[in-house]
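Asker: data-v8.txt (compact mmCIF, C-alpha atoms) pasted underneath:
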# COMPACT_ATOMS: atom_id res chain seq x y z
CA MET A 30 124.88 37.78 158.65
CA SER A 31 126.66 40.52 156.72
CA LEU A 32 126.27 44.22 157.53
CA GLU A 33 124.31 44.75 154.30
CA GLU A 34 121.83 42.01 155.27
CA LYS A 35 121.39 43.56 158.71
CA LEU A 36 120.74 46.97 157.14
CA ASP A 37 118.21 45.48 154.71
CA ARG A 38 116.35 43.85 157.60
CA VAL A 39 116.20 47.10 159.58
CA VAL A 40 114.85 49.06 156.60
CA ALA A 41 112.30 46.33 155.82
CA ARG A 42 111.13 46.20 159.44
CA HIS A 43 110.76 50.00 159.54
CA GLU A 44 108.64 49.92 156.37
CA GLU A 45 106.54 47.06 157.77
CA LEU A 46 105.90 49.02 160.98
CA GLY A 47 104.94 52.11 158.99
CA HIS A 48 102.40 50.06 157.02
CA LEU A 49 100.96 48.47 160.19
CA LEU A 50 100.59 51.83 161.90
CA ALA A 51 99.07 53.49 158.80
CA THR A 52 96.48 50.74 158.34
CA SER A 53 95.74 50.35 162.08
CA GLY A 54 96.93 46.76 161.84
CA ALA A 55 98.01 46.81 165.48
CA ALA A 56 95.44 45.31 167.82
CA GLY A 57 94.67 47.54 170.78
CA ALA A 58 96.12 50.75 172.18
CA ALA A 59 98.96 49.02 174.06
CA GLU A 60 100.14 47.19 170.93
CA PHE A 61 99.84 50.39 168.85
CA ALA A 62 101.98 52.23 171.42
CA ARG A 63 104.59 49.43 171.39
CA LEU A 64 104.85 49.44 167.59
CA SER A 65 104.99 53.25 167.52
CA ARG A 66 107.89 53.16 169.96
CA GLU A 67 109.75 50.57 167.88
CA TYR A 68 109.10 52.62 164.71
CA ALA A 69 110.50 55.77 166.37
CA GLU A 70 113.57 53.88 167.68
CA LEU A 71 114.37 52.54 164.19
CA ARG A 72 113.99 55.92 162.46
CA PRO A 73 117.53 57.25 163.19
CA VAL A 74 119.00 53.89 162.09
CA VAL A 75 117.08 53.99 158.80
CA GLU A 76 118.09 57.61 158.21
CA GLY A 77 121.73 56.62 158.78
CA VAL A 78 121.37 53.66 156.38
CA ARG A 79 119.85 55.90 153.69
CA GLU A 80 122.61 58.47 154.06
CA LEU A 81 125.24 55.72 153.79
CA ARG A 82 123.64 54.24 150.69
CA ARG A 83 123.27 57.64 149.02
CA ALA A 84 126.99 58.20 149.58
CA GLU A 85 127.82 54.73 148.19
CA ALA A 86 125.71 55.38 145.08
CA GLU A 87 127.32 58.79 144.59
CA LEU A 88 130.77 57.21 144.94
CA ALA A 89 129.91 54.64 142.25
CA ASP A 90 128.85 57.47 139.90
CA LEU A 91 132.06 59.39 140.60
CA ASP A 92 134.13 56.22 140.04
CA ALA A 93 132.53 55.82 136.63
CA LEU A 94 133.01 59.48 135.72
CA SER A 95 136.63 59.70 136.84
CA GLU A 96 137.45 56.58 134.75
CA ASP A 97 135.49 57.70 131.66
CA ALA A 98 138.10 58.41 129.00
CA ALA A 99 135.54 60.25 126.89
CA ALA A 100 134.76 62.74 129.66
CA ASP A 101 136.28 66.21 129.81
CA ALA A 102 139.66 66.22 131.62
CA GLU A 103 138.56 69.00 133.96
CA MET A 104 135.36 67.10 134.81
CA ARG A 105 137.36 63.94 135.51
CA ALA A 106 139.71 65.87 137.82
CA LEU A 107 136.76 67.40 139.67
CA ALA A 108 135.12 63.98 140.01
CA GLU A 109 138.36 62.51 141.34
CA ALA A 110 138.62 65.23 144.01
CA GLU A 111 135.01 64.65 145.12
CA ARG A 112 135.62 60.91 145.03
CA GLN A 113 138.54 61.17 147.46
CA THR A 114 136.49 63.32 149.86
CA LEU A 115 133.62 60.84 149.76
CA LYS A 116 135.92 57.83 150.25
CA GLU A 117 137.24 59.45 153.43
CA ARG A 118 133.68 60.11 154.66
CA LEU A 119 132.28 56.60 154.01
CA PRO A 120 134.02 54.82 156.95
CA GLU A 121 132.63 57.48 159.30
CA LEU A 122 129.09 56.94 157.96
CA GLU A 123 129.46 53.17 158.24
CA HIS A 124 130.78 53.44 161.81
CA ARG A 125 127.84 55.64 162.77
CA VAL A 126 125.37 53.11 161.35
CA LYS A 127 127.09 50.27 163.24
CA LEU A 128 126.77 52.25 166.49
CA LEU A 129 123.08 52.83 165.79
CA LEU A 130 122.64 49.08 165.24
CA LEU A 131 124.05 48.21 168.68
CA PRO A 132 121.34 47.03 171.08
CA ARG A 133 120.48 49.90 173.40
CA ASP A 134 120.52 49.34 177.13
CA GLU A 135 116.85 49.79 177.97
CA ALA A 136 117.87 51.46 181.25
CA ASP A 137 119.91 54.21 179.51
CA ALA A 138 116.95 56.60 179.27
CA LYS A 139 115.98 56.12 182.91
CA ASN A 140 116.65 58.39 185.84
CA ALA A 141 119.09 57.10 188.45
CA ILE A 142 119.51 56.49 192.15
CA LEU A 143 123.06 57.50 193.11
CA GLU A 144 124.46 55.97 196.30
CA LEU A 145 127.75 57.09 197.87
CA ARG A 146 129.36 55.47 200.91
CA ALA A 147 132.59 56.12 202.78
CA GLY A 148 134.95 53.13 202.46
CA THR A 149 138.33 52.44 204.02
CA GLY A 150 139.98 55.46 205.59
CA GLY A 151 137.71 56.52 208.45
CA GLU A 152 136.94 60.23 208.71
CA GLU A 153 139.00 61.07 205.60
CA ALA A 154 136.96 58.57 203.54
CA ALA A 155 133.76 60.27 204.71
CA LEU A 156 135.16 63.69 203.72
CA PHE A 157 136.05 62.28 200.29
CA ALA A 158 132.52 60.86 199.91
CA ALA A 159 131.22 64.39 200.56
CA ASN A 160 133.61 65.72 197.87
CA LEU A 161 132.24 63.17 195.38
CA PHE A 162 128.69 64.14 196.33
CA ARG A 163 129.42 67.78 195.45
CA MET A 164 131.19 66.71 192.23
CA TYR A 165 128.08 64.85 191.04
CA GLN A 166 125.82 67.67 192.22
CA ARG A 167 127.76 70.17 190.08
CA TYR A 168 127.77 67.79 187.12
CA ALA A 169 123.99 67.48 187.42
CA GLU A 170 123.67 71.29 187.50
CA GLN A 171 125.78 71.61 184.33
CA ARG A 172 123.51 69.16 182.50
CA GLY A 173 120.27 70.65 183.81
CA TRP A 174 119.37 67.53 185.82
CA LYS A 175 117.33 67.51 189.01
CA PHE A 176 119.40 66.40 192.03
CA GLU A 177 117.13 65.31 194.89
CA LEU A 178 118.63 64.25 198.24
CA MET A 179 116.93 61.10 199.51
CA HIS A 180 119.06 60.20 202.52
CA LEU A 181 122.15 61.61 204.24
CA ASN A 182 124.21 60.29 207.14
CA GLU A 183 126.79 62.93 208.07
CA THR A 184 129.83 62.89 210.34
CA GLY A 185 130.55 65.65 212.79
CA ILE A 186 133.15 67.43 210.61
CA GLY A 187 131.35 67.61 207.26
CA GLY A 188 131.94 64.11 205.93
CA TYR A 189 129.27 61.76 204.60
CA LYS A 190 129.09 58.17 205.79
CA GLU A 191 126.30 57.56 203.28
CA ALA A 192 124.31 59.67 200.82
CA ILE A 193 121.52 58.60 198.49
CA VAL A 194 120.32 60.90 195.71
CA ALA A 195 117.67 60.67 192.98
CA VAL A 196 118.94 62.20 189.72
CA ALA A 197 116.39 63.00 187.02
CA GLY A 198 116.83 64.32 183.49
CA ARG A 199 117.81 63.37 179.95
CA ASP A 200 120.07 60.28 179.58
CA VAL A 201 120.92 60.29 183.29
CA PHE A 202 121.65 56.57 183.66
CA ALA A 203 123.42 56.43 180.28
CA ARG A 204 125.90 59.05 181.51
CA LEU A 205 126.29 58.02 185.16
CA LYS A 206 126.33 54.22 184.90
CA TYR A 207 130.11 54.11 184.44
CA GLU A 208 130.60 55.73 187.86
CA SER A 209 129.75 52.55 189.80
CA GLY A 210 132.77 51.21 191.66
CA VAL A 211 135.47 52.13 194.15
CA HIS A 212 136.86 55.67 193.94
CA ARG A 213 140.25 56.08 195.64
CA VAL A 214 141.76 59.33 196.91
CA GLN A 215 145.40 60.13 197.69
CA ARG A 216 145.97 63.33 199.65
CA VAL A 217 147.04 64.83 202.97
CA PRO A 218 143.90 64.63 205.13
CA GLU A 219 142.54 67.71 206.88
CA THR A 220 142.65 65.62 210.05
CA GLU A 221 146.38 64.78 209.60
CA SER A 222 148.86 67.12 211.30
CA GLY A 223 152.01 65.35 210.08
CA GLY A 224 151.47 66.20 206.43
CA ARG A 225 151.63 62.59 205.26
CA ILE A 226 149.71 61.44 202.18
CA HIS A 227 146.96 58.97 203.00
CA THR A 228 144.94 56.71 200.75
CA SER A 229 141.24 56.20 201.39
CA ALA A 230 138.21 55.27 199.35
CA ALA A 231 134.51 55.72 198.77
CA THR A 232 132.11 53.48 196.87
CA VAL A 233 129.62 54.70 194.31
CA ALA A 234 126.60 52.74 193.09
CA VAL A 235 124.45 54.03 190.23
CA LEU A 236 121.12 52.26 189.83
CA PRO A 237 118.50 52.88 187.13
CA GLU A 238 115.40 54.20 188.85
CA ALA A 239 112.61 51.70 188.32
CA GLU A 240 108.97 52.57 187.86
CA GLU A 241 106.22 50.49 189.45
CA VAL A 242 105.59 48.95 186.03
CA ASP A 243 109.23 47.77 185.94
CA ILE A 244 109.27 46.16 189.38
CA HIS A 245 106.15 45.06 191.24
CA ILE A 246 106.73 44.55 194.95
CA GLU A 247 104.35 42.31 196.86
CA GLU A 248 103.40 43.55 200.34
CA LYS A 249 103.79 40.00 201.65
CA ASP A 250 107.47 40.12 200.64
CA LEU A 251 108.17 43.12 202.85
CA ARG A 252 108.94 43.48 206.54
CA ILE A 253 108.53 47.07 207.68
CA ASP A 254 109.98 48.19 211.01
CA VAL A 255 109.47 51.66 212.45
CA PHE A 256 111.71 53.27 215.06
CA ARG A 257 112.76 56.63 216.43
CA SER A 258 115.07 58.77 214.27
CA SER A 259 118.55 59.26 215.68
CA GLY A 260 122.02 60.51 214.79
CA PRO A 261 123.04 63.57 212.73
CA GLY A 262 120.09 64.77 210.74
CA GLY A 263 117.79 62.47 212.67
CA GLN A 264 118.09 63.57 216.29
CA SER A 265 116.10 66.75 215.68
CA VAL A 266 113.62 65.31 213.21
CA ASN A 267 111.11 64.44 215.90
CA THR A 268 110.62 62.22 218.92
CA THR A 269 108.10 59.83 217.36
CA ASP A 270 108.64 56.54 215.57
CA SER A 271 108.94 58.07 212.09
CA ALA A 272 112.05 56.25 210.82
CA VAL A 273 111.37 53.27 208.58
CA ARG A 274 113.38 50.14 207.78
CA VAL A 275 112.10 48.07 204.85
CA THR A 276 113.40 44.53 204.36
CA HIS A 277 112.69 42.69 201.11
CA LEU A 278 112.43 39.13 202.40
CA PRO A 279 113.13 37.18 199.15
CA THR A 280 116.44 38.97 198.51
CA GLY A 281 117.39 40.24 201.97
CA ILE A 282 117.83 43.79 200.63
CA VAL A 283 117.34 46.36 203.42
CA VAL A 284 116.60 50.07 202.96
CA GLN A 285 116.37 52.52 205.83
CA GLN A 286 114.98 56.07 205.72
CA GLN A 287 114.70 58.62 208.53
CA ASP A 288 115.20 62.02 206.91
CA GLU A 289 111.52 63.02 206.82
CA LYS A 290 109.27 63.82 209.78
CA SER A 291 106.52 61.71 208.28
CA GLN A 292 106.63 57.93 208.56
CA HIS A 293 104.60 57.77 205.33
CA LYS A 294 107.16 59.88 203.42
CA ASN A 295 110.06 57.83 204.77
CA LYS A 296 108.34 54.62 203.68
CA ALA A 297 107.71 56.06 200.18
CA LYS A 298 111.39 57.05 199.84
CA ALA A 299 112.55 53.65 201.10
CA LEU A 300 110.34 51.84 198.56
CA ARG A 301 111.69 54.06 195.79
CA VAL A 302 115.28 53.08 196.65
CA LEU A 303 114.29 49.43 197.14
CA ARG A 304 112.64 49.33 193.71
CA ALA A 305 115.85 50.65 192.10
CA ARG A 306 117.99 48.07 193.94
CA LEU A 307 115.68 45.22 192.94
CA TYR A 308 115.67 46.39 189.31
CA GLU A 309 119.48 46.45 189.31
CA HIS A 310 119.51 43.02 191.00
CA GLU A 311 117.48 41.61 188.09
CA ARG A 312 119.64 43.42 185.50
CA GLN A 313 122.79 41.93 187.00
CA LYS A 314 121.33 38.42 186.85
CA VAL A 315 120.53 38.89 183.15
CA ASP A 316 123.96 40.44 182.46
CA ALA A 317 125.69 37.54 184.24
CA MET A 318 123.90 35.09 181.97
CA ARG A 319 124.78 37.10 178.85
CA SER A 320 128.42 37.51 179.74
CA ALA A 321 129.15 34.08 181.22
CA ASN A 322 132.08 33.68 178.81
CA ARG A 323 133.45 37.21 178.89
CA ARG A 324 133.97 40.12 181.25
CA ASN A 325 132.88 43.60 180.28
CA GLN A 326 135.82 45.93 180.95
CA VAL A 327 133.80 49.14 181.05
CA GLY A 328 130.70 49.67 183.12
CA SER A 329 130.76 46.23 184.73
CA GLY A 330 129.20 47.75 187.85
CA ASP A 331 131.43 45.60 190.07
CA ARG A 332 131.57 47.74 193.18
CA SER A 333 134.59 45.89 194.55
CA GLU A 334 136.58 47.11 191.56
CA ARG A 335 138.81 50.17 191.95
CA ILE A 336 137.82 52.28 188.97
CA ARG A 337 139.41 55.68 189.54
CA THR A 338 142.12 57.40 191.60
CA TYR A 339 142.11 61.09 192.55
CA ASN A 340 145.66 62.18 193.38
CA PHE A 341 145.54 65.64 194.99
CA PRO A 342 149.31 66.31 195.46
CA GLN A 343 149.86 65.75 191.72
CA GLY A 344 146.56 67.30 190.62
CA ARG A 345 145.62 64.30 188.49
CA VAL A 346 142.76 61.85 188.13
CA THR A 347 143.22 58.40 186.56
CA ASP A 348 140.49 56.08 185.33
CA HIS A 349 142.04 52.62 185.54
CA ARG A 350 139.57 50.89 183.21
CA ILE A 351 140.80 52.79 180.16
CA ASN A 352 144.17 54.05 181.44
CA LEU A 353 143.05 57.67 181.07
CA THR A 354 144.89 60.29 183.13
CA LEU A 355 143.87 63.94 183.24
CA HIS A 356 145.95 66.62 184.95
CA LYS A 357 143.01 68.81 185.92
CA LEU A 358 141.75 67.33 189.15
CA ASP A 359 140.33 70.63 190.39
CA ARG A 360 138.06 70.92 187.34
CA VAL A 361 136.96 67.28 187.58
CA MET A 362 136.05 67.77 191.25
CA ASP A 363 134.09 70.83 190.13
CA GLY A 364 131.87 68.59 188.01
CA GLU A 365 133.69 68.55 184.65
CA LEU A 366 133.18 64.83 184.05
CA ASP A 367 132.22 64.76 180.37
CA GLU A 368 135.73 64.04 179.04
CA ILE A 369 136.02 60.95 181.25
CA ILE A 370 132.46 59.74 180.61
CA ASP A 371 132.77 60.30 176.84
CA ALA A 372 135.97 58.22 176.79
CA LEU A 373 134.33 55.42 178.79
CA THR A 374 131.31 55.47 176.48
CA ALA A 375 133.54 55.29 173.39
CA GLU A 376 135.52 52.38 174.86
CA ASP A 377 132.30 50.53 175.71
CA GLN A 378 130.98 51.06 172.17
CA ALA A 379 134.25 49.88 170.64
CA ALA A 380 134.20 46.72 172.76
CA ARG A 381 130.61 45.97 171.79
CA LEU A 382 131.31 46.64 168.11
CA SER A 383 134.23 44.18 168.18
CA GLU A 384 131.82 41.50 169.38
CA VAL A 385 129.37 41.96 166.49
CA ASP A 386 131.85 42.58 163.65
Spit out the file's structure as structure tokens when you get a sec.
Answerer:
Amino acid sequence: MSLEEKLDRVVARHEELGHLLATSGAAGAAEFARLSREYAELRPVVEGVRELRRAEAELADLDALSEDAAADAEMRALAEAERQTLKERLPELEHRVKLLLLPRDEADAKNAILELRAGTGGEEAALFAANLFRMYQRYAEQRGWKFELMHLNETGIGGYKEAIVAVAGRDVFARLKYESGVHRVQRVPETESGGRIHTSAATVAVLPEAEEVDIHIEEKDLRIDVFRSSGPGGQSVNTTDSAVRVTHLPTGIVVQQQDEKSQHKNKAKALRVLRARLYEHERQKVDAMRSANRRNQVGSGDRSERIRTYNFPQGRVTDHRINLTLHKLDRVMDGELDEIIDALTAEDQAARLSEVD
């Protein structure tokens, strides 16, 4: 199907939806809401199509005027100048429409569960995980997102063995989804007296936060164990069995929470994280089916993949998926992630466009 045919179909569907909604042709409130949502989602595409077609019609008029021998020479020159400007603008308008036509990841608008874990490197890896935690916390502050700590397992010297955070706001998952993977650090550890550069790593997982309507969990599929909180952050919580371990029997996914004094609150937090992990589990199964014959280079979510290196002695950060190197590590660690995320988003869009062209 040509691009023009695709555009015609989008415009026709938008007009059909408008007619259905205007004449109450949708049966029931749920169906009306679904059609209203589809109508709203198509609106920016249709506006882009109309702008493109207005420009194409204007270009055709200018072509005719600039080639009209009977027209005034000054008018022809003016038309030619406008024609050149419009010809340069048309590819940009067409590219924008193509981007709008790309299927949107339904999870992009969702909030996210951000999980960080220390990897290889012992205490230094835990300190790096804490650095990443603060980097994402500052990024969330810059974007006006809510950053809610769900679970934290600290080491004795300020490192994080594991941290789980709920991030809420506009386009959270769309922006953070490219962060899933292995983050590697090269620096002289605070715990190293010899001044040698060490390499260690932390893993990041970004999961779209699922609502109950997205993932329904049957009680019969859960095993819930309660036990006494222990360890940093847990030893002073209380001396009752308030910690909760939830096991989802069909998948074997286990979530443990002990940060709250209330067993009920710990269970609620654990179910929230479990729901996000199950939702991502289902998404990955669908993605695997869709991409059986190809591998997505950006945002694959493969957590065994080294995605980025933070080199402190040289003050640089490199994203290996797109070969992007920035020599402003201090600013990146202070939450200035937009340049990297924008580049990853653009690369992802380009790859998806190449598949549909």
Asker: Measure the distance from atom CA of Asp359 of chain A to atom CA of Arg216 of chain A in Å and round it to one decimal.
Answerer: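 According to the coordinates, atom CA of Asp359 of chain A and atom CA of Arg216 of chain A are separated by 13.1 Å.
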Asker: Taking 2 positions as the minimum chain separation for residues in the same chain, which residues sit within 12 Å of segment 55-71 of chain A when counting all atoms listed in the file? Answer as a PDB file with C-alpha atoms, in the frame of the given file.
Answerer:
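The result, written out as around.pdb:
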ATOM      1  CA  LEU A  36     120.740  46.970 157.140  1.00  0.00           C
ATOM      2  CA  ARG A  38     116.350  43.850 157.600  1.00  0.00           C
ATOM      3  CA  VAL A  39     116.200  47.100 159.580  1.00  0.00           C
ATOM      4  CA  VAL A  40     114.850  49.060 156.600  1.00  0.00           C
ATOM      5  CA  ALA A  41     112.300  46.330 155.820  1.00  0.00           C
ATOM      6  CA  ARG A  42     111.130  46.200 159.440  1.00  0.00           C
ATOM      7  CA  HIS A  43     110.760  50.000 159.540  1.00  0.00           C
ATOM      8  CA  GLU A  44     108.640  49.920 156.370  1.00  0.00           C
ATOM      9  CA  GLU A  45     106.540  47.060 157.770  1.00  0.00           C
ATOM     10  CA  LEU A  46     105.900  49.020 160.980  1.00  0.00           C
ATOM     11  CA  GLY A  47     104.940  52.110 158.990  1.00  0.00           C
ATOM     12  CA  HIS A  48     102.400  50.060 157.020  1.00  0.00           C
ATOM     13  CA  LEU A  49     100.960  48.470 160.190  1.00  0.00           C
ATOM     14  CA  LEU A  50     100.590  51.830 161.900  1.00  0.00           C
ATOM     15  CA  ALA A  51      99.070  53.490 158.800  1.00  0.00           C
ATOM     16  CA  THR A  52      96.480  50.740 158.340  1.00  0.00           C
ATOM     17  CA  SER A  53      95.740  50.350 162.080  1.00  0.00           C
ATOM     18  CA  PRO A  73     117.530  57.250 163.190  1.00  0.00           C
ATOM     19  CA  VAL A  74     119.000  53.890 162.090  1.00  0.00           C
ATOM     20  CA  VAL A  75     117.080  53.990 158.800  1.00  0.00           C
ATOM     21  CA  GLU A  76     118.090  57.610 158.210  1.00  0.00           C
ATOM     22  CA  GLY A  77     121.730  56.620 158.780  1.00  0.00           C
ATOM     23  CA  VAL A  78     121.370  53.660 156.380  1.00  0.00           C
ATOM     24  CA  VAL A 126     125.370  53.110 161.350  1.00  0.00           C
ATOM     25  CA  LEU A 129     123.080  52.830 165.790  1.00  0.00           C
ATOM     26  CA  LEU A 130     122.640  49.080 165.240  1.00  0.00           C
ATOM     27  CA  LEU A 131     124.050  48.210 168.680  1.00  0.00           C
ATOM     28  CA  PRO A 132     121.340  47.030 171.080  1.00  0.00           C
ATOM     29  CA  ARG A 133     120.480  49.900 173.400  1.00  0.00           C
ATOM     30  CA  GLU A 135     116.850  49.790 177.970  1.00  0.00           C
TER      31      GLU A 135
END
Asker: Give the answer as one residue: which of A:Glu334, A:Glu219, A:Glu170, A:Glu33 has the shortest atom-to-atom distance to Asp363 of chain A, using all atoms listed in the file?
Answerer: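 Ranked by minimum distance to Asp363 of chain A, first place goes to A:Glu170.
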Asker: Kindly give the distance, in Å, that separates atom CA of Ile370 of chain A and atom CA of Tyr165 of chain A, rounded to a single decimal.
Answerer: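 So the answer is 12.4 Å.
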Asker: Using all atoms listed in the file, tabulate the residues of segment 119-187 of chain A lying at most 12 Å from any atom of segment 83-95 of chain A, each with its closest atom pair and that distance in Å to one decimal, by chain and increasing residue number, as CSV.
Answerer:
residue,atom,partner,partner_atom,distance
A:Leu119,CA,A:Ala84,CA,7.1
A:Pro120,CA,A:Ala84,CA,10.7
A:Glu121,CA,A:Ala84,CA,11.3
A:Leu122,CA,A:Ala84,CA,8.7
A:Glu123,CA,A:Glu85,CA,10.3
Asker: Which polymer residues, protein or nucleic acid, are no farther than 7 Å from (133.7, 51.7, 200.0), counting all atoms listed in the file, as a PyMOL selection string?
Answerer: chain A and resi 146-149+211+230-232
Asker: Would you compute the distance between atom CA of Ile186 of chain A and atom CA of Lys294 of chain A? Give it in Å to one decimal.
Answerer: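 That distance, rounded to one decimal, is 28.0 Å.
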Asker: Write out as a PDB file with C-alpha atoms, in the frame of the given file which residues come within 12 Å of Arg360 of chain A when counting all atoms listed in the file, dropping same-chain ones fewer than 5 positions away.
Answerer:
ATOM      1  CA  MET A 164     131.190  66.710 192.230  1.00  0.00           C
ATOM      2  CA  ARG A 167     127.760  70.170 190.080  1.00  0.00           C
ATOM      3  CA  TYR A 168     127.770  67.790 187.120  1.00  0.00           C
ATOM      4  CA  TYR A 339     142.110  61.090 192.550  1.00  0.00           C
ATOM      5  CA  PHE A 341     145.540  65.640 194.990  1.00  0.00           C
ATOM      6  CA  GLY A 344     146.560  67.300 190.620  1.00  0.00           C
ATOM      7  CA  ARG A 345     145.620  64.300 188.490  1.00  0.00           C
ATOM      8  CA  VAL A 346     142.760  61.850 188.130  1.00  0.00           C
ATOM      9  CA  LEU A 355     143.870  63.940 183.240  1.00  0.00           C
ATOM     10  CA  GLU A 365     133.690  68.550 184.650  1.00  0.00           C
ATOM     11  CA  LEU A 366     133.180  64.830 184.050  1.00  0.00           C
ATOM     12  CA  ASP A 367     132.220  64.760 180.370  1.00  0.00           C
ATOM     13  CA  GLU A 368     135.730  64.040 179.040  1.00  0.00           C
ATOM     14  CA  ILE A 369     136.020  60.950 181.250  1.00  0.00           C
TER      15      ILE A 369
END
Asker: Identify which of the residues A:Leu178, A:Glu109, A:Leu303, A:Ala154 lies closest to His245 of chain A, counting all atoms listed in the file when measuring atom-to-atom distances.
Answerer: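 Closest to His245 of chain A, using all atoms listed in the file: A:Leu303.
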Asker: When distances are computed from all atoms listed in the file, which of A:Lys127, A:Arg112, A:Arg337, A:Arg381 shows the smallest separation from Leu32 of chain A?
Answerer: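 Closest to Leu32 of chain A, using all atoms listed in the file: A:Lys127.
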Asker: Skip Phe162 of chain A itself and residues of its chain fewer than 6 positions away, then list as a VMD selection string all residues within 10 Å of it, counting all atoms listed in the file.
Answerer: chain A and resid 143 to 146 156 168 189 191 to 194 233 362 364
Asker: Go through A:Leu300, A:Ile351, A:Ala99, A:Met104 and flag the residue nearest Ala375 of chain A, using all atoms listed in the file for the distances.
Answerer: A:Ile351
Asker: At a cut-off of 7 Å, using only C-alpha atoms, what residues contact Asp200 of chain A? Leave out same-chain residues fewer than 4 positions from it and give the result as a VMD selection string.
Answerer: chain A and resid 137 to 139 204
Asker: List every protein, DNA or RNA residue that has an atom no more than 12 Å from (121.8, 53.1, 180.1) in the file's coordinate frame, counting all atoms listed in the file, and report them as a list in words.
Answerer: Pro132, Arg133, Asp134, Glu135, Ala136, Asp137, Ala138, Lys139, Asn140, Ala141, Arg199, Asp200, Val201, Phe202, Ala203, Arg204, Leu205, Lys206, Tyr207, Val235, Leu236, Pro237, Glu238, Glu309, Arg312, Gly328, Gly330, Thr374 and Asp377 of chain A
